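Here is the file entry12.csv (CSV, N, CA and C atoms and all ligand atoms).
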```csv
chain,number,residue,atom,x,y,z
A,71,MET,N,-1.1,9.0,-14.1
A,71,MET,CA,-0.9,10.1,-14.9
A,71,MET,C,0.5,10.7,-14.7
A,72,LEU,N,1.0,10.7,-13.5
A,72,LEU,CA,2.3,11.2,-13.1
A,72,LEU,C,3.4,10.2,-13.2
A,73,GLY,N,3.1,9.0,-13.5
A,73,GLY,CA,4.1,7.9,-13.6
A,73,GLY,C,4.6,7.4,-12.3
A,74,ILE,N,3.8,7.7,-11.2
A,74,ILE,CA,4.2,7.3,-9.9
A,74,ILE,C,3.4,6.0,-9.5
A,75,ASP,N,4.2,5.0,-9.1
A,75,ASP,CA,3.6,3.7,-8.6
A,75,ASP,C,3.3,3.8,-7.1
A,76,ALA,N,2.3,3.0,-6.7
A,76,ALA,CA,2.0,2.9,-5.3
A,76,ALA,C,1.8,1.4,-4.9
A,77,CYS,N,2.3,1.0,-3.7
A,77,CYS,CA,2.1,-0.4,-3.3
A,77,CYS,C,1.6,-0.3,-1.8
A,78,PRO,N,0.4,-0.8,-1.5
A,78,PRO,CA,0.0,-0.9,-0.2
A,78,PRO,C,0.7,-2.0,0.6
A,79,ILE,N,1.0,-1.8,1.9
A,79,ILE,CA,1.7,-2.8,2.7
A,79,ILE,C,0.9,-2.9,4.0
A,80,GLU,N,0.4,-4.1,4.3
A,80,GLU,CA,-0.3,-4.3,5.5
A,80,GLU,C,0.5,-5.1,6.5
A,81,GLY,N,1.5,-5.8,6.0
A,81,GLY,CA,2.4,-6.6,6.8
A,81,GLY,C,3.4,-5.9,7.6
A,82,PHE,N,3.1,-5.1,8.6
A,82,PHE,CA,4.1,-4.4,9.4
A,82,PHE,C,3.6,-4.4,10.8
A,83,ASP,N,4.4,-4.0,11.8
A,83,ASP,CA,4.1,-4.0,13.2
A,83,ASP,C,3.4,-2.7,13.5
A,84,MET,N,2.1,-2.7,13.5
A,84,MET,CA,1.3,-1.5,13.6
A,84,MET,C,1.5,-0.8,15.0
A,85,LYS,N,1.7,-1.6,16.0
A,85,LYS,CA,1.9,-1.1,17.4
A,85,LYS,C,3.2,-0.3,17.4
A,86,ALA,N,4.3,-0.9,16.8
A,86,ALA,CA,5.6,-0.2,16.8
A,86,ALA,C,5.5,1.0,16.0
A,87,MET,N,4.8,1.0,14.8
A,87,MET,CA,4.6,2.2,14.0
A,87,MET,C,3.9,3.3,14.8
A,88,ASP,N,2.8,2.9,15.5
A,88,ASP,CA,2.1,3.9,16.3
A,88,ASP,C,3.0,4.6,17.3
A,89,GLU,N,3.8,3.7,18.0
A,89,GLU,CA,4.7,4.3,19.0
A,89,GLU,C,5.8,5.2,18.4
A,90,GLU,N,6.3,4.8,17.3
A,90,GLU,CA,7.4,5.5,16.6
A,90,GLU,C,6.9,6.9,16.2
A,91,LEU,N,5.6,7.0,15.7
A,91,LEU,CA,5.1,8.2,15.2
A,91,LEU,C,4.2,9.0,16.2
A,92,GLY,N,4.1,8.4,17.4
A,92,GLY,CA,3.3,9.0,18.4
A,92,GLY,C,1.8,9.1,18.0
A,93,LEU,N,1.3,8.1,17.3
A,93,LEU,CA,0.0,8.2,16.8
A,93,LEU,C,-1.1,8.1,17.9
A,94,ARG,N,-0.9,7.1,18.8
A,94,ARG,CA,-1.9,6.9,19.8
A,94,ARG,C,-2.2,8.1,20.6
A,95,ALA,N,-1.2,8.9,20.9
A,95,ALA,CA,-1.4,10.1,21.7
A,95,ALA,C,-2.3,11.1,21.0
A,96,ARG,N,-2.3,11.0,19.7
A,96,ARG,CA,-3.2,11.9,18.9
A,96,ARG,C,-4.5,11.2,18.5
A,97,GLY,N,-4.8,10.1,19.1
A,97,GLY,CA,-6.1,9.4,18.8
A,97,GLY,C,-6.1,8.7,17.5
A,98,LEU,N,-4.9,8.3,17.0
A,98,LEU,CA,-4.8,7.7,15.7
A,98,LEU,C,-4.2,6.3,15.8
A,99,THR,N,-4.4,5.4,14.9
A,99,THR,CA,-3.7,4.2,14.8
A,99,THR,C,-3.3,4.0,13.3
A,100,SER,N,-2.2,3.3,13.0
A,100,SER,CA,-1.9,3.0,11.6
A,100,SER,C,-2.6,1.7,11.2
A,101,SER,N,-2.9,1.6,9.9
A,101,SER,CA,-3.5,0.4,9.4
A,101,SER,C,-2.8,0.0,8.1
A,102,VAL,N,-2.2,0.9,7.3
A,102,VAL,CA,-1.6,0.5,6.1
A,102,VAL,C,-0.5,1.5,5.8
A,103,ILE,N,0.6,1.0,5.2
A,103,ILE,CA,1.7,1.9,4.7
A,103,ILE,C,1.5,1.9,3.2
A,104,VAL,N,1.7,3.1,2.5
A,104,VAL,CA,1.7,3.1,1.1
A,104,VAL,C,3.1,3.6,0.6
A,105,ALA,N,3.8,2.8,-0.1
A,105,ALA,CA,5.0,3.1,-0.7
A,105,ALA,C,4.8,3.8,-2.0
A,106,LEU,N,5.3,5.0,-2.2
A,106,LEU,CA,5.2,5.7,-3.5
A,106,LEU,C,6.5,6.0,-4.1
A,107,GLY,N,6.6,5.9,-5.5
A,107,GLY,CA,7.8,6.2,-6.1
A,107,GLY,C,7.8,5.9,-7.6
A,108,TYR,N,9.0,6.1,-8.2
A,108,TYR,CA,9.1,5.8,-9.6
A,108,TYR,C,9.8,4.5,-9.8
A,109,ARG,N,9.1,3.6,-10.6
A,109,ARG,CA,9.7,2.3,-10.8
A,109,ARG,C,11.0,2.3,-11.5
A,110,ALA,N,11.8,1.3,-11.2
A,110,ALA,CA,13.1,1.1,-11.9
A,110,ALA,C,12.9,0.6,-13.3
A,111,ALA,N,13.7,1.0,-14.2
A,111,ALA,CA,13.5,0.6,-15.6
A,111,ALA,C,13.6,-0.9,-15.8
A,112,GLU,N,14.3,-1.6,-14.9
A,112,GLU,CA,14.5,-3.0,-15.0
A,112,GLU,C,13.5,-3.8,-14.1
A,113,ASP,N,12.4,-3.1,-13.7
A,113,ASP,CA,11.4,-3.8,-12.9
A,113,ASP,C,10.6,-4.7,-13.7
A,114,PHE,N,10.9,-6.0,-13.7
A,114,PHE,CA,10.2,-7.0,-14.5
A,114,PHE,C,8.7,-7.1,-14.1
A,115,ASN,N,8.4,-6.9,-12.8
A,115,ASN,CA,7.1,-7.1,-12.3
A,115,ASN,C,6.1,-6.0,-12.9
A,116,ALA,N,6.6,-4.9,-13.3
A,116,ALA,CA,5.8,-3.8,-13.8
A,116,ALA,C,5.1,-4.2,-15.1
A,117,LYS,N,5.7,-5.1,-15.9
A,117,LYS,CA,5.1,-5.4,-17.2
A,117,LYS,C,4.3,-6.7,-17.1
A,118,LEU,N,4.2,-7.3,-16.0
A,118,LEU,CA,3.5,-8.6,-15.9
A,118,LEU,C,2.0,-8.2,-15.9
A,119,PRO,N,1.1,-9.1,-16.5
A,119,PRO,CA,-0.3,-8.9,-16.4
A,119,PRO,C,-0.8,-8.8,-15.0
A,120,LYS,N,-1.7,-7.9,-14.7
A,120,LYS,CA,-2.3,-7.7,-13.4
A,120,LYS,C,-3.7,-8.3,-13.3
A,121,SER,N,-4.0,-8.8,-12.1
A,121,SER,CA,-5.3,-9.3,-11.9
A,121,SER,C,-5.9,-8.4,-10.8
A,122,ARG,N,-6.9,-7.6,-11.2
A,122,ARG,CA,-7.5,-6.6,-10.3
A,122,ARG,C,-9.0,-6.8,-10.3
A,123,PRO,N,-9.6,-7.0,-9.1
A,123,PRO,CA,-11.1,-7.1,-9.0
A,123,PRO,C,-11.7,-5.7,-9.3
A,124,PRO,N,-12.9,-5.6,-9.8
A,124,PRO,CA,-13.5,-4.3,-10.1
A,124,PRO,C,-13.6,-3.4,-8.9
A,125,LEU,N,-13.4,-2.1,-9.1
A,125,LEU,CA,-13.4,-1.2,-8.0
A,125,LEU,C,-14.6,-1.3,-7.0
A,126,GLU,N,-15.8,-1.5,-7.6
A,126,GLU,CA,-17.1,-1.6,-6.8
A,126,GLU,C,-17.1,-2.9,-6.0
A,127,GLN,N,-16.2,-3.8,-6.3
A,127,GLN,CA,-16.2,-5.0,-5.5
A,127,GLN,C,-15.3,-4.8,-4.2
A,128,VAL,N,-14.3,-3.9,-4.3
A,128,VAL,CA,-13.4,-3.8,-3.1
A,128,VAL,C,-13.7,-2.5,-2.3
A,129,LEU,N,-14.5,-1.6,-2.9
A,129,LEU,CA,-14.8,-0.3,-2.2
A,129,LEU,C,-16.2,-0.2,-1.9
A,130,THR,N,-16.6,0.4,-0.7
A,130,THR,CA,-17.9,0.7,-0.4
A,130,THR,C,-18.0,2.2,-0.1
A,131,ARG,N,-18.8,2.9,-0.9
A,131,ARG,CA,-18.9,4.3,-0.7
A,131,ARG,C,-20.0,4.6,0.4
A,132,LEU,N,-19.6,5.3,1.4
A,132,LEU,CA,-20.6,5.6,2.5
A,132,LEU,C,-21.2,7.0,2.4
B,1,LIG,C1,-4.2,-4.4,0.9
B,1,LIG,C2,-2.8,-4.8,0.4
B,1,LIG,C3,-1.8,-5.1,1.4
B,1,LIG,C4,-0.6,-5.5,0.9
B,1,LIG,N1,0.4,-5.8,1.9
B,1,LIG,C5,1.6,-6.2,1.5
B,1,LIG,C6,2.6,-6.5,2.4
B,1,LIG,O1,2.4,-6.4,3.6
B,1,LIG,N2,3.8,-6.9,2.0
B,1,LIG,C7,4.1,-7.1,0.6
B,1,LIG,O2,5.2,-7.5,0.3
B,1,LIG,N3,3.1,-6.8,-0.3
B,1,LIG,C8,1.9,-6.4,0.1
B,1,LIG,N4,0.9,-6.1,-0.8
B,1,LIG,C9,1.3,-6.3,-2.3
B,1,LIG,C10,2.0,-5.0,-2.8
B,1,LIG,O3,1.3,-3.9,-2.5
B,1,LIG,C11,2.0,-5.1,-4.4
B,1,LIG,O4,0.7,-5.5,-4.8
B,1,LIG,C12,3.0,-6.1,-4.8
B,1,LIG,O5,4.3,-5.6,-4.5
B,1,LIG,C13,2.9,-6.4,-6.3
B,1,LIG,O6,2.8,-5.3,-7.1
B,1,LIG,P1,1.7,-5.3,-8.2
B,1,LIG,O7,0.4,-5.5,-7.5
B,1,LIG,O8,1.8,-4.0,-8.9
B,1,LIG,O9,2.0,-6.5,-9.1
B,1,LIG,C14,-0.3,-5.7,-0.4
B,1,LIG,C15,-1.3,-5.4,-1.4
B,1,LIG,C16,-2.6,-5.0,-0.9
B,1,LIG,C17,-3.7,-4.7,-2.0
```

Please express what this file holds, its structure, as structure tokens.
Amino acid sequence: MLGIDACPIEGFDMKAMDEELGLRARGLTSSVIVALGYRAAEDFNAKLPKSRPPLEQVLTRL
């Protein structure tokens, strides 16, 4: 609705991130980074067809 794109990123050094942000000392650990922003006008990927499994297949409500 706001025109903001989000990309999850799991491929990063979680231990280094935890140390950098002092997360362990607060009883926390990182698991995913989410990049947020406005896409570039020339972003060819934005217009490609997307393949997304249904929400109920990837999320479990507790
Ligand atoms: C759970 C999850 C983790 C992801 N981790 C990475 C990652 O570590 N590195 C990466 O380049 N893309 C990663 N991606 C893919 C990007 O978030 C994104 O899907 C990709 O840039 C393509 O954009 P699109 O899905 O809008 O086509 C991940 C996607 C998901 C769903």

May I have the residues within 12 Å of ligand LIG 1 (chain B), computed using only C-alpha atoms and all ligand atoms, as an NGL selection string?
-> :A and (74-84 or 101-106 or 109 or 113-123 or 125 or 128-129)

How would the residues just chosen look if you wrote them out with N, CA and C atoms as a tab-separated table (two decimals), in the coordinates of the input?
```tsv
chain	number	residue	atom	x	y	z
A	74	ILE	N	3.80	7.70	-11.20
A	74	ILE	CA	4.20	7.30	-9.90
A	74	ILE	C	3.40	6.00	-9.50
A	75	ASP	N	4.20	5.00	-9.10
A	75	ASP	CA	3.60	3.70	-8.60
A	75	ASP	C	3.30	3.80	-7.10
A	76	ALA	N	2.30	3.00	-6.70
A	76	ALA	CA	2.00	2.90	-5.30
A	76	ALA	C	1.80	1.40	-4.90
A	77	CYS	N	2.30	1.00	-3.70
A	77	CYS	CA	2.10	-0.40	-3.30
A	77	CYS	C	1.60	-0.30	-1.80
A	78	PRO	N	0.40	-0.80	-1.50
A	78	PRO	CA	0.00	-0.90	-0.20
A	78	PRO	C	0.70	-2.00	0.60
A	79	ILE	N	1.00	-1.80	1.90
A	79	ILE	CA	1.70	-2.80	2.70
A	79	ILE	C	0.90	-2.90	4.00
A	80	GLU	N	0.40	-4.10	4.30
A	80	GLU	CA	-0.30	-4.30	5.50
A	80	GLU	C	0.50	-5.10	6.50
A	81	GLY	N	1.50	-5.80	6.00
A	81	GLY	CA	2.40	-6.60	6.80
A	81	GLY	C	3.40	-5.90	7.60
A	82	PHE	N	3.10	-5.10	8.60
A	82	PHE	CA	4.10	-4.40	9.40
A	82	PHE	C	3.60	-4.40	10.80
A	83	ASP	N	4.40	-4.00	11.80
A	83	ASP	CA	4.10	-4.00	13.20
A	83	ASP	C	3.40	-2.70	13.50
A	84	MET	N	2.10	-2.70	13.50
A	84	MET	CA	1.30	-1.50	13.60
A	84	MET	C	1.50	-0.80	15.00
A	101	SER	N	-2.90	1.60	9.90
A	101	SER	CA	-3.50	0.40	9.40
A	101	SER	C	-2.80	0.00	8.10
A	102	VAL	N	-2.20	0.90	7.30
A	102	VAL	CA	-1.60	0.50	6.10
A	102	VAL	C	-0.50	1.50	5.80
A	103	ILE	N	0.60	1.00	5.20
A	103	ILE	CA	1.70	1.90	4.70
A	103	ILE	C	1.50	1.90	3.20
A	104	VAL	N	1.70	3.10	2.50
A	104	VAL	CA	1.70	3.10	1.10
A	104	VAL	C	3.10	3.60	0.60
A	105	ALA	N	3.80	2.80	-0.10
A	105	ALA	CA	5.00	3.10	-0.70
A	105	ALA	C	4.80	3.80	-2.00
A	106	LEU	N	5.30	5.00	-2.20
A	106	LEU	CA	5.20	5.70	-3.50
A	106	LEU	C	6.50	6.00	-4.10
A	109	ARG	N	9.10	3.60	-10.60
A	109	ARG	CA	9.70	2.30	-10.80
A	109	ARG	C	11.00	2.30	-11.50
A	113	ASP	N	12.40	-3.10	-13.70
A	113	ASP	CA	11.40	-3.80	-12.90
A	113	ASP	C	10.60	-4.70	-13.70
A	114	PHE	N	10.90	-6.00	-13.70
A	114	PHE	CA	10.20	-7.00	-14.50
A	114	PHE	C	8.70	-7.10	-14.10
A	115	ASN	N	8.40	-6.90	-12.80
A	115	ASN	CA	7.10	-7.10	-12.30
A	115	ASN	C	6.10	-6.00	-12.90
A	116	ALA	N	6.60	-4.90	-13.30
A	116	ALA	CA	5.80	-3.80	-13.80
A	116	ALA	C	5.10	-4.20	-15.10
A	117	LYS	N	5.70	-5.10	-15.90
A	117	LYS	CA	5.10	-5.40	-17.20
A	117	LYS	C	4.30	-6.70	-17.10
A	118	LEU	N	4.20	-7.30	-16.00
A	118	LEU	CA	3.50	-8.60	-15.90
A	118	LEU	C	2.00	-8.20	-15.90
A	119	PRO	N	1.10	-9.10	-16.50
A	119	PRO	CA	-0.30	-8.90	-16.40
A	119	PRO	C	-0.80	-8.80	-15.00
A	120	LYS	N	-1.70	-7.90	-14.70
A	120	LYS	CA	-2.30	-7.70	-13.40
A	120	LYS	C	-3.70	-8.30	-13.30
A	121	SER	N	-4.00	-8.80	-12.10
A	121	SER	CA	-5.30	-9.30	-11.90
A	121	SER	C	-5.90	-8.40	-10.80
A	122	ARG	N	-6.90	-7.60	-11.20
A	122	ARG	CA	-7.50	-6.60	-10.30
A	122	ARG	C	-9.00	-6.80	-10.30
A	123	PRO	N	-9.60	-7.00	-9.10
A	123	PRO	CA	-11.10	-7.10	-9.00
A	123	PRO	C	-11.70	-5.70	-9.30
A	125	LEU	N	-13.40	-2.10	-9.10
A	125	LEU	CA	-13.40	-1.20	-8.00
A	125	LEU	C	-14.60	-1.30	-7.00
A	128	VAL	N	-14.30	-3.90	-4.30
A	128	VAL	CA	-13.40	-3.80	-3.10
A	128	VAL	C	-13.70	-2.50	-2.30
A	129	LEU	N	-14.50	-1.60	-2.90
A	129	LEU	CA	-14.80	-0.30	-2.20
A	129	LEU	C	-16.20	-0.20	-1.90
```

How far is it from atom CA of Ala111 of chain A to atom CA of Gly73 of chain A, in Å with one decimal?
-> 12.1 Å

Just the strand (DSSP E) stuff from segment 72-132 of chain A, please, per backbone DSSP, written as a ChimeraX atom specification.
-> /A:75-79,103-107

Kindly export the residues of the current selection with N, CA and C atoms, as a CSV table (one decimal), in the coordinates of the input.
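The resulting file, part_7.csv, is reproduced below:
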```
chain,number,residue,atom,x,y,z
A,75,ASP,N,4.2,5.0,-9.1
A,75,ASP,CA,3.6,3.7,-8.6
A,75,ASP,C,3.3,3.8,-7.1
A,76,ALA,N,2.3,3.0,-6.7
A,76,ALA,CA,2.0,2.9,-5.3
A,76,ALA,C,1.8,1.4,-4.9
A,77,CYS,N,2.3,1.0,-3.7
A,77,CYS,CA,2.1,-0.4,-3.3
A,77,CYS,C,1.6,-0.3,-1.8
A,78,PRO,N,0.4,-0.8,-1.5
A,78,PRO,CA,0.0,-0.9,-0.2
A,78,PRO,C,0.7,-2.0,0.6
A,79,ILE,N,1.0,-1.8,1.9
A,79,ILE,CA,1.7,-2.8,2.7
A,79,ILE,C,0.9,-2.9,4.0
A,103,ILE,N,0.6,1.0,5.2
A,103,ILE,CA,1.7,1.9,4.7
A,103,ILE,C,1.5,1.9,3.2
A,104,VAL,N,1.7,3.1,2.5
A,104,VAL,CA,1.7,3.1,1.1
A,104,VAL,C,3.1,3.6,0.6
A,105,ALA,N,3.8,2.8,-0.1
A,105,ALA,CA,5.0,3.1,-0.7
A,105,ALA,C,4.8,3.8,-2.0
A,106,LEU,N,5.3,5.0,-2.2
A,106,LEU,CA,5.2,5.7,-3.5
A,106,LEU,C,6.5,6.0,-4.1
A,107,GLY,N,6.6,5.9,-5.5
A,107,GLY,CA,7.8,6.2,-6.1
A,107,GLY,C,7.8,5.9,-7.6
```

Which value, in Å to one decimal, gives the distance between atom N of Glu112 of chain A and atom N of Leu72 of chain A?
->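 So the answer is 18.2 Å.
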
Between atom CA of Tyr108 of chain A and atom CA of Gly92 of chain A - distance in Å to one decimal | 28.8 Å

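All residues in chain A with a DSSP state of alpha helix (DSSP H), computed from the backbone, read A:Met84, A:Lys85, A:Ala86, A:Met87, A:Asp88, A:Glu89, A:Glu90, A:Leu91, A:Leu125, A:Glu126, A:Gln127, A:Val128.
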